[in-house]
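I have placed the structure first, in the form of C-alpha cells, so that the comments after it can refer back to it.
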Protein chains: 2
Amino acid sequence: MHLSDGGELVSDCFALKGNICFSSGKEKLNTFPDATVICEDGLCKGVYPELPDSYKGIPIIDYKDCLILPGMVDLHIHAPQFTFRSIGMDCELMEWLKKYTFPEEALYADTGYAERAYGLFADSMKHSATTRAVIFGTIHRDSTLILMDLMERSGLISYVGKVNMDRAAPSELREESPDASAFDTFGFVNAAEKRGYKRTKPILTPRFIPSCSDALLNELSEVRRAYDLPVQSHLSENPGEVELVKKLVPDAAFYGDGYDRYGLFGRDAKTVMAHCVYSTDEEVERIRKNGVWVAHCPNSNMNLSSGIAPIRRYLNCGIRVGLGSDVAAGQSESIFRAITDAIQVSKLYWRYIDNEAEPLSFAESFYLATEGGGSFFGKVGSFREGYEFDAVVVDDSSFPHPRPLSLAERLERAVYLGTDQSGLQAKYVCGERVYEK
Amino acid sequence: MHLSDGGELVSDCFALKGNICFSSGKEKLNTFPDATVICEDGLCKGVYPELPDSYKGIPIIDYKDCLILPGMVDLHIHAPQFTFRSIGMDCELMEWLKKYTFPEEALYADTGYAERAYGLFADSMKHSATTRAVIFGTIHRDSTLILMDLMERSGLISYVGKVNMDRAAPSELREESPDASAFDTFGFVNAAEKRGYKRTKPILTPRFIPSCSDALLNELSEVRRAYDLPVQSHLSENPGEVELVKKLVPDAAFYGDGYDRYGLFGRDAKTVMAHCVYSTDEEVERIRKNGVWVAHCPNSNMNLSSGIAPIRRYLNCGIRVGLGSDVAAGQSESIFRAITDAIQVSKLYWRYIDNEAEPLSFAESFYLATEGGGSFFGKVGSFREGYEFDAVVVDDSSFPHPRPLSLAERLERAVYLGTDQSGLQAKYVCGERVYEK
C-alpha cells in the first residue's frame with residue numbers, strides 16, 4: 001500500500017476484471033472475455049480467466065462488460081498545434097507551416113497563452129485513451145516547461161521537447177544563433193530535471209533539417225550527450241521538403257544522414273522520426289541499423305497530401321514502428337483513429353503503389369498503437385507479464401447489437417467507431433489510476 | 001399553423017437563429033454568424049443577419065452559439081449491414097460479401113430479427129445529422145416494409161429498396177426466378193404505397209450485375225416503368241467485380257451499359273449508382289449523358305481496398321455527385337466523416353494517380369454532402385431560397401479554443417472532429433422538427 005498523489009491509500013497489488021484484449025507481438029491479438037489482469041508494483045502480472053490462488057484477497061475492480069486494453073501510445077504529437085487541429089486542411093507541408101503553424105506557435109512566446117492553450121491540450125490528453133506520448137512544444141523554454149507541468153498532472157507518461165529552429169522560420173520563431181538555441185536547451189533540460197517530475201522527461205527536438213543549420217545540430221549533439229537525451233524529429237515527410245533538404249545539406253548521403261552525422265539518429269541516442277514516407281533504400285537501411293523508431297502518422301500524411309509510408313516494408317525488415325496522431329496535421333489526438341487510418345492507407349498503398357505490400361491487419365495496427373510505440377518507453381503496451389501496467393477501460397455499450405459479438409469483433413468495432421472519445425471509463429498508468437469517469 | 005405527428009400545434013412559419021453555414025453551388029460556402037434562417041410552409045425563405053420586417057412576430061428558435069447547417073444527405077447506405085459496421089474489415093468486395101454480408105442479410109428472412117436490427121438502424125439514423133437517405137434493404141419484402149415503417153417514424157425522408165438478386169448469392173438470398181423477384185417487387189411497391197407514408201418511398205434496387213441476370217433486369221425494367229420508380233445500384237466498385245461483370249455480360253459495352261440497356265441507368269429513370277471507382281471513359285460519358293447520380297463512398301472504398309473514385313473528373317464534366325456512407329463497407333453512418341474522407345482520398349489520388357486532379361476543398365466536399373446529394377431529392381441541401389427546409393443544429397462547444405475562430409473554421413473543425421456524433425441538438429426535415437436533444 002502507498003499514498004497516491006491525491007493522498008488516497010492505494011494498494012500496490014490489484015486486479016482489473018473485464019473483457020481483456022492485448023497484443024503479444026505484431027500478429028497475435030489476444031482476447032479474454034470476462035477475465036482478470038493483475039497489477040503488482042506497477043507491473044503486469046498476467047491475465048487469468050480466474051484469479052489465481054496466490055492472489056486471492058487482492059482488491060478487484062470490476063469493470064463488468066467493458067473492454068480493458070493496454071494504454072495507447074502516441075509517438076508524435078505537437079502540443080501547440082492542438083488549438084488548430086481540424087482547421088486549415090487545404091495545403092501541403094511547407095505552405096501549411098507558414099500559413100497556420102508558425103503564426104500559432106509564435107503565440108507561445110506569451111506564457112499566459114501557453115497556460116490556457118496547453119491547459120486545453122493536457123485536459124484532452126487526460127481524457128483520451130493515450131497513456132504515453134512523445135510531444136513537441138515550441139522554441140519557448142518557459143512555455144514548454146508549463147506544458148511539462150501540465151502533462152505531469154495529466155497522469156500520462158511523456159517526453160516533451162523544447163523545439164530548436166535557427167532558420168527557415170519567421171523571425172519570432174528563429175532562435176538567435178546555434179549557441180543561443182543550445183544554451184536555452186541546456187536551461188530547459190536543467191529546469192525540467194530540477195522540477196523532479198515523476199512522469200515527464202525532456203527530449204531533444206530539432207524541428208527538422210529545413211529549420212536547423214548544421215551548426216545548430218552540432219551544438220545539439222553536445223547537449224544530447226551531456227544529458228543522454230532521446231531525440232525526436234521529422235524525416236522524409238513530403239516531396240517538397242525532401243527536395244529542399246537535398247539543397248540545404250547537399251553533402252549528406254540522404255535526409256536522415258543529416259541527423260546521423262551529428263549523433264541524432266539512433267545508435268546510442270534513442271530516436272523517433274515521424275513520417276518516413278519518402279525514405280530511400282539507403283535511409284531505410286540506416287533507420288533499421290541504427291534502431292530508430294518510425295512514428296507512422298497516416299492521418300497527417302493524408303491531410304497534408306504527403307503520401308503513404310511503406311509500413312509493411314518497415315515491419316518486414318524489422319524496423320520499430322509506432323503510431324503518431326501528429327496533431328495538428330493529424331486532425332485529432334485519437335490513437336484509435338490512427339489505428340484505422342493506418343489500415344486504410346495501407347490498403348490504398350497495396351492497391352496503387354505496391355501490390356506486394358499486404359495491407360495491415362487490424363491485429364498489426366493495434367500492435368503498432370500499443371506495443372509497437374510502447375517499446376520507445378521500455379516494456380510498455382501489452383499485458384504480457386513484466387510489462388508496465390498501462391490500461392484503459394472502454395465502455396462500448398452505446399453500440400447495441402442484435403446478436404452476440406465475439407470480443408475480437410467488439411474490439412474492432414470499438415476502435416473503428418472511435419469509442420475512445422465517448423466511452424473512456426478509466427485509465428491506469430504504471431499501475432496508478434489517473435482517470436476515472 | 002398545423003398539427004404535427006405528435007399532435008403538437010406548430011407554426012408553418014418560423015426562424016432558426018444561430019451560426020448559419022450552407023453551400024450555394026459547389027465552390028461557394030456561405031457562413032453567417034449569429035443570423036436567422038426562415039422557414040415557411042416547409043421551404044427556406046432565406047438567411048438574414050436580422051429578421052426582415054415582413055417576418056416580424058414569427059416564432060424564433062434561438063440556438064445561440066450552435067452551428068445551423070443543411071441536413072446531410074446519404075446517397076448510399078445498407079440498412080441490414082448496420083449491425084456489422086466496423087467489423088470484419090479484412091477483405092475485398094467479393095470475399096467480404098460472402099464472409100460477412102450475405103450471412104447477415106440472410107437473417108432478415110426473420111421479421112423478428114429485422115424488427116430488432118432495423119430498430120437500431122433507424123434509431124441511429126434519427127440521431128445522426130442525416131436528413132435524407134437512399135437505402136438498401138434485403139431481398140425480403142416484409143422485412144423491408146418493416147424498415148420503411150421505422151424510417152417513416154425516424155423523421156428522415158428516404159428511398160428504401162427491396163433488393164433483387166437471382167444469382168451469385170447463397171441459396172437463401174437467391175430469389176427463385178426473375179418472375180418471382182419481379183412479382184415480389186410489385187408486391188413490395190404496392191404495399192409501400194398503401195401504407196401512405198409521408199416521408200418514405202420505394203426505390204428499385206437490383207443489387208449489382210453479378211447478382212442480377214439479364215432476365216431479371218428485363219423484368220425489373222417493367223416494374224420500374226409501371227410505377228415510375230427511381231433506381232439505385234452499384235457500379236464499377238472493385239477490379240475483381242469489374243472483371244466478373246465483363247464475363248457475365250460480355251455483350252454489354254461496359255458495366256453501366258448492363259443496366260442501361262434495360263432502362264435502369266438514368267435518362268427518364270432517376271438513378272443513383274454507388275462507387276464508380278473504375279468507370280471507363282465510355283461509362284463516364286454515359287453517366288453524364290444519362291444524368292445518373294454518383295454516390296461517392298470514400299470510406300467504403302478504402303475499407304474494401306477498392307480504390308479512389310476520380311471525383312474531380314466527375315465534377316469537372318458536370319456529373320451529379322453526392323456522398324454515401326455505404327455502411328457496412330463504410331464503417332459509420334456519419335456523413336461528416338464522409339466529407340473528410342472524400343477530401344483525404346482526393347489528396348492521395350492527386351499525389352499518386354493524377355496530379356492534374358486537384359484535391360477536393362472543404363467547401364466542395366461539404367457541397368457534395370448537402371446540395372450535391374440533395375439534388376437527388378429535388379431542391380434540397382441548401383438554405384438558398386426555395387429549397388426544402390432541412391436543417392441540423394450542432395453544438396461544438398465541447399471543443400473550447402483559446403482565441404476566437406471564424407465561423408468557417410468552426411465548421412471545418414466540427415466536421416473533422418465528428419461533432420455530428422455527440423453534438424447534434426436538433427434536426428428539421430421539410431420544416432418539421434423531427435429531433436430535439
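Convention: chains lettered A, B, ... in C-alpha cells order; per-chain residue numbering from 1; ligands numbered from 1 as shown.
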Chain B contacts on chain A, only C-alpha atoms, 9 Å, as a PyMOL selection string
chain A and resi 83-90+113+116-117+120+299+301-308+331-332+343-348+350-353+359-362+399-403+409-417+422
Excluding Thr111 (chain A) and any residue of its chain fewer than 4 positions from it, enumerate the residues within 9 Å of it, using only C-alpha atoms, and give them as a VMD selection string.
chain A and resid 107 115 to 116 140 142 to 143 146
Pick from A:Glu95, A:Glu241, A:Asp62, A:Glu364 nearest to Ser211 (chain A), counting only C-alpha atoms:
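Closest to Ser211 (chain A) of all the choices is A:Glu241.
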For the atom pair CA of Ile287 (chain A) and CA of Ser334 (chain A), what is the interatomic distance in Å to one decimal place?
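Interatomic distance, CA of Ile287 (chain A) to CA of Ser334 (chain A): 26.4 Å.
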Residues at most 10 Å from region 267-283 of chain B, counting only C-alpha atoms, excluding those fewer than 6 positions away in the same chain, as a PyMOL selection string?
chain B and resi 75-77+134+203-204+208+221+224-225+228-239+242+253-257+260+289-298+300-301+306-311+314+320-324+326+373+376-377
DSSP on the backbone: what in region 41-175 of chain A comes out helix (DSSP H, G or I), as a PyMOL selection string?
chain A and resi 53-55+79-84+93-109+111-126+141-154+171-173
How many Å lie between CA of Asp184 (chain A) and CA of Phe136 (chain A), rounded to one decimal?
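So the two atoms, CA of Asp184 (chain A) and CA of Phe136 (chain A), lie 15.7 Å apart.
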Write down as a PyMOL selection string the residues of region 221-333 of chain A whose backbone DSSP state falls under strand (DSSP E or B).
chain A and resi 231-235+271-275+293-296+320-323+327+330
Distance query Gly381 (chain B) at most 10 Å, only C-alpha atoms, self and fewer than 5 positions along chain excluded, as a ChimeraX atom specification
/B:22-24,69-73,131-132,367-376,387-391
Print the selection's residues with N, CA, C and O atoms to a file, as a CSV table (one decimal), in the first residue's frame.
```
chain,number,residue,atom,x,y,z
B,22,PHE,N,-23.9,27.2,-45.2
B,22,PHE,CA,-24.5,26.4,-46.3
B,22,PHE,C,-23.8,26.7,-47.6
B,22,PHE,O,-23.2,27.8,-47.8
B,23,SER,N,-23.9,25.8,-48.5
B,23,SER,CA,-23.4,26.0,-49.8
B,23,SER,C,-24.4,26.6,-50.7
B,23,SER,O,-25.6,26.4,-50.6
B,24,SER,N,-23.8,27.4,-51.7
B,24,SER,CA,-24.7,27.7,-52.8
B,24,SER,C,-23.8,27.5,-54.1
B,24,SER,O,-22.9,28.3,-54.4
B,69,LEU,N,-26.8,24.0,-40.0
B,69,LEU,CA,-26.4,23.6,-41.3
B,69,LEU,C,-27.5,22.9,-42.0
B,69,LEU,O,-28.5,22.4,-41.4
B,70,PRO,N,-27.5,22.8,-43.4
B,70,PRO,CA,-28.5,22.0,-44.1
B,70,PRO,C,-28.3,20.5,-43.6
B,70,PRO,O,-27.2,20.1,-43.3
B,71,GLY,N,-29.3,19.8,-43.6
B,71,GLY,CA,-29.2,18.3,-43.2
B,71,GLY,C,-28.3,17.6,-44.2
B,71,GLY,O,-28.2,18.0,-45.4
B,72,MET,N,-27.6,16.6,-43.7
B,72,MET,CA,-26.7,15.8,-44.6
B,72,MET,C,-27.5,14.8,-45.4
B,72,MET,O,-28.6,14.3,-44.9
B,73,VAL,N,-27.0,14.5,-46.6
B,73,VAL,CA,-27.7,13.6,-47.5
B,73,VAL,C,-26.8,12.3,-47.7
B,73,VAL,O,-25.6,12.5,-48.0
B,131,THR,N,-30.5,13.9,-43.0
B,131,THR,CA,-32.0,14.2,-43.1
B,131,THR,C,-32.6,13.4,-44.3
B,131,THR,O,-33.8,13.3,-44.4
B,132,ARG,N,-31.7,13.0,-45.2
B,132,ARG,CA,-32.2,12.3,-46.4
B,132,ARG,C,-31.3,11.1,-46.7
B,132,ARG,O,-30.1,11.2,-46.6
B,367,TYR,N,-20.3,20.7,-50.0
B,367,TYR,CA,-21.4,20.8,-51.0
B,367,TYR,C,-21.9,19.4,-51.4
B,367,TYR,O,-23.1,19.1,-51.6
B,368,LEU,N,-20.9,18.4,-51.7
B,368,LEU,CA,-21.3,17.1,-52.1
B,368,LEU,C,-22.3,16.5,-51.0
B,368,LEU,O,-23.2,15.8,-51.4
B,369,ALA,N,-22.0,16.7,-49.8
B,369,ALA,CA,-22.7,16.1,-48.7
B,369,ALA,C,-24.1,16.7,-48.5
B,369,ALA,O,-25.0,16.2,-47.8
B,370,THR,N,-24.3,17.9,-49.1
B,370,THR,CA,-25.6,18.6,-48.9
B,370,THR,C,-26.3,18.8,-50.2
B,370,THR,O,-27.1,18.0,-50.6
B,371,GLU,N,-26.0,19.9,-50.9
B,371,GLU,CA,-26.6,20.1,-52.2
B,371,GLU,C,-26.4,19.0,-53.2
B,371,GLU,O,-27.3,18.7,-54.0
B,372,GLY,N,-25.1,18.5,-53.3
B,372,GLY,CA,-24.7,17.5,-54.3
B,372,GLY,C,-25.7,16.3,-54.2
B,372,GLY,O,-26.3,16.0,-55.2
B,373,GLY,N,-25.7,15.7,-53.1
B,373,GLY,CA,-26.6,14.5,-52.9
B,373,GLY,C,-28.1,15.0,-52.8
B,373,GLY,O,-29.0,14.3,-53.3
B,374,GLY,N,-28.3,16.2,-52.2
B,374,GLY,CA,-29.6,16.7,-52.1
B,374,GLY,C,-30.4,16.8,-53.4
B,374,GLY,O,-31.6,16.6,-53.4
B,375,SER,N,-29.7,17.0,-54.4
B,375,SER,CA,-30.4,17.2,-55.7
B,375,SER,C,-31.1,15.9,-56.2
B,375,SER,O,-32.1,16.0,-57.0
B,376,PHE,N,-30.7,14.8,-55.6
B,376,PHE,CA,-31.5,13.6,-55.9
B,376,PHE,C,-32.9,13.6,-55.4
B,376,PHE,O,-33.8,13.0,-55.9
B,387,TYR,N,-35.5,26.3,-51.3
B,387,TYR,CA,-35.1,24.9,-51.0
B,387,TYR,C,-35.9,24.3,-49.9
B,387,TYR,O,-36.4,25.0,-49.0
B,388,GLU,N,-36.1,23.0,-49.9
B,388,GLU,CA,-36.9,22.4,-48.8
B,388,GLU,C,-36.1,22.6,-47.5
B,388,GLU,O,-34.8,22.4,-47.6
B,389,PHE,N,-36.8,22.8,-46.5
B,389,PHE,CA,-36.1,23.2,-45.2
B,389,PHE,C,-35.6,22.0,-44.4
B,389,PHE,O,-36.3,21.6,-43.5
B,390,ASP,N,-34.5,21.5,-44.7
B,390,ASP,CA,-33.8,20.5,-43.9
B,390,ASP,C,-32.7,21.2,-43.1
B,390,ASP,O,-31.8,21.8,-43.8
B,391,ALA,N,-32.7,21.1,-41.8
B,391,ALA,CA,-31.6,21.7,-41.1
B,391,ALA,C,-31.1,20.9,-39.9
B,391,ALA,O,-31.9,20.1,-39.3
```
